[in-house]
Structure formats: C-alpha cells, structure tokens
Amino acid sequence: MSRVQKYEKENDQAGELRSRIERQKAKSSLPKRSKVHQNKKKKSKGKIKFPMIQLLALFFILLPIGFYTLYTYLQDRPVQGTKSDQVILSGDDNESIPTTATAEDLKGKESAKAEEEKEKEEAEAKAKQEAKEKAKAEQEAKEKAKAKQEADERARAEQEAEEKVKAQQEAEAKAKAKQEAEEKAKAKQIADEKAKKEAAEKKKSAENVQASKTDKEGYKVVLHTVQGQETLFRISMNYYKSQEGIALIKEWNGLNGNEISKGQVLKIPIKK
C-alpha cells in the first residue's frame with residue numbers, strides 16, 4: 001500500500017470518527033421525540049399539579065446531559081497505551097489512531113505529514129538535480145578532455161608531417177650538394193688529367209727537341225719507340241751492332257734493369 005493510499009484511508013477513518021462523535025453529541029443533547037410531545041401536551045394543559053413529577057422529569061432530562069458531559073470530559077483526557085481507545089487499521093504496518101483525536105490534532109498531523117512528504121520530495125528532486133548536474137559536468141569534462149586529446153593528436157601529426165617534409169628537404173639538399181661536389185670533383189679530375197696530359201705532351205715535345213740536338217760530347221740522340229717484343233739487346237744490336245750499347249742506353253734513359261715496355265720512347269745516343 002502506498003503512502004498516499006494510507007494517508008487517504010487515515011483521513012476517511014478520522015472523518016468517520018468525527019461524524020460518529022458529532023451524531024452522539026447531537027443525540028445526547030436533544031430530548032426524545034415522545035418527550036417533546038409530552039412536554040407540549042403538558043404545557044397546553046397548564047402547570048403540573050405534582051412537584052415530584054416535575055423533579056423526576058427534570059432529573060431524567062439532566063441525566064443524559066450529565067452522562068454526555070462526563071463522557072466528553074473523559075474522552076478529552078489523554079490516554080496512553082490503551083487498546084480499547086484505539087482503532088486498529090488494516091494494512092501492512094498496522095498503524096493505530098486514538099479515538100480521542102480532535103480535529104486540530106488530525107489537521108496538525110496531516111499538515112506535518114504533508115510537510116514531511118513535501119520535504120522528502122524536495123530532497124529527492126534536489127538529489128536528482130544534483131546528480132543530473134554532476135553527470136552533465138562529467139560529460140562536459142569528458143568532451144573537453146576528448147577535444148583536447150584530438151587537438152594534441154592533430155598538432156602532433158602536423159608537427160611530424162612538418163619534420164618529415166623538413167627532413168626530406170634536407171636529404172634532397174644533401175644529395176644535391178653531394179652530387180654537385182662529385183660533379184665538381186670529376187670535372188676537376190678531368191681538368192687535372194687534361195693538364196697533366198698537356199704537360200706531358202709539352203715535356204715530351206721539349207725532350208724530343210732536346211734529343212734531336214747534338215750534345216756537347218759529340219753524341220747525336222735518336223728517339224726510338226719500342227715496338228712489340230723488342231728488347232734492349234735487339235735495340236742495341238740494331239743501332240750498335242753489339243751488346244755494348246745496352247749500358248749506354250740504360251745510362252741515357254735512367255733504366256735500372258733490362259725491362260722496357262711497348263710504346264716507350266728511348267734515347268739512343270750515337271756518335272757522330
């Protein structure tokens with residue numbers, strides 16, 4: 001049974017008790033219909049001749065009034081823990097309501113319960129509102145944290161992309177510089193080889209010019225280009241008709257051994 005149903009049932013029982021008490025008051029305060037008719041008849045006949053009958057009639061009239069007054073006085077007194085003065089309500093919690101409860105007490109009790117229910121509802125509403133606000137704050141905090149994480153990830157990705165592009169540009173610049181350096185070195189090497197070749201040719205020309213001249217000792221120098229399979233012995237036999245020319249050829253050409261190569265130019269000194 002809900003609290004509202006219990007509260008309505010208590011109100012119905014209290015109202016029924018009040019109406020029952022009011023009916024009892026009305027019955028005890030009013031004389032019976034037969035007595036009213038008798039009194040009317042007696043009044044119409046005039047004064048009663050016997051005073052004893054008047055006293056008895058007054059006694060019987062005042063007796064219920066006295067009983068009702070005493071009953072009301074006893075009912076107004078507070079009674080503690082008497083089961084006879086309580087009405088047991090059927091329900092889950094078996095609450096008891098004193099029969100002597102006045103309208104003011106019932107009204108105060110109703111107002112107290114209403115205030116209690118109202119305070120309870122306000123507390124529940126406040127707790128729901130606080131829980132709702134807390135959930136909203138937590139949701140906002142989660143959304144902010146998620147947005148911050150996404151922003152950090154985007155910034156990190158942009159930074160990584162920039163670093164990657166920068167590294168790629170640096171690598172390309174290094175590769176280009178290396179290629180340019182290699183090309184310069186190659187060009188320099190070619191230029192050096194060309195210069196060496198030109199210097200060798202100039203030197204050879206000068207040597208040829210010098211070799212073609214007659215030295216101071218009376219030798220005429222003839223330049224001989226070594227052919228394939230030629231040796232110093234064969235060259236000596238060709239120019240000097242003997243092996244004595246081998247030592248002379250070595251001396252004039254600065255040779256330490258008998259080895260010569262094809263295409264090599266030898267100075268052949270011949271006496272005039």
# chains A, B, ... in the order shown; residues from 1 in each chain; ligands from 1

call {"tool": "residues_around", "arguments": {"residues": "Ser236 (chain A)", "least_positions_apart": "6", "cutoff": "10 Å", "atoms": "only C-alpha atoms", "output": "VMD selection string"}}
result
chain A and resid 242 to 249 268

call {"tool": "atom_distance", "arguments": {"atom1": "CA of Val226 (chain A)", "atom2": "CA of Lys196 (chain A)"}}
result
22.7 Å

call {"tool": "residues_around", "arguments": {"residues": "His224 (chain A)", "least_positions_apart": "4", "cutoff": "7 Å", "atoms": "only C-alpha atoms", "output": "CSV table (one decimal) with N, CA, C and O atoms, in the first residue's frame"}}
result
chain,number,residue,atom,x,y,z
A,265,VAL,N,109.5,5.5,-75.3
A,265,VAL,CA,110.4,6.2,-76.2
A,265,VAL,C,111.8,6.2,-75.5
A,265,VAL,O,111.9,6.6,-74.3
A,266,LEU,N,112.8,5.7,-76.2
A,266,LEU,CA,114.1,5.6,-75.6
A,266,LEU,C,115.1,6.5,-76.4
A,266,LEU,O,114.9,6.8,-77.6
A,267,LYS,N,116.0,7.1,-75.6
A,267,LYS,CA,117.0,7.9,-76.2
A,267,LYS,C,118.2,7.0,-76.6
A,267,LYS,O,118.8,6.3,-75.8
A,268,ILE,N,118.5,7.1,-77.9
A,268,ILE,CA,119.6,6.3,-78.4
A,268,ILE,C,120.8,7.2,-78.8
A,268,ILE,O,120.7,7.9,-79.8
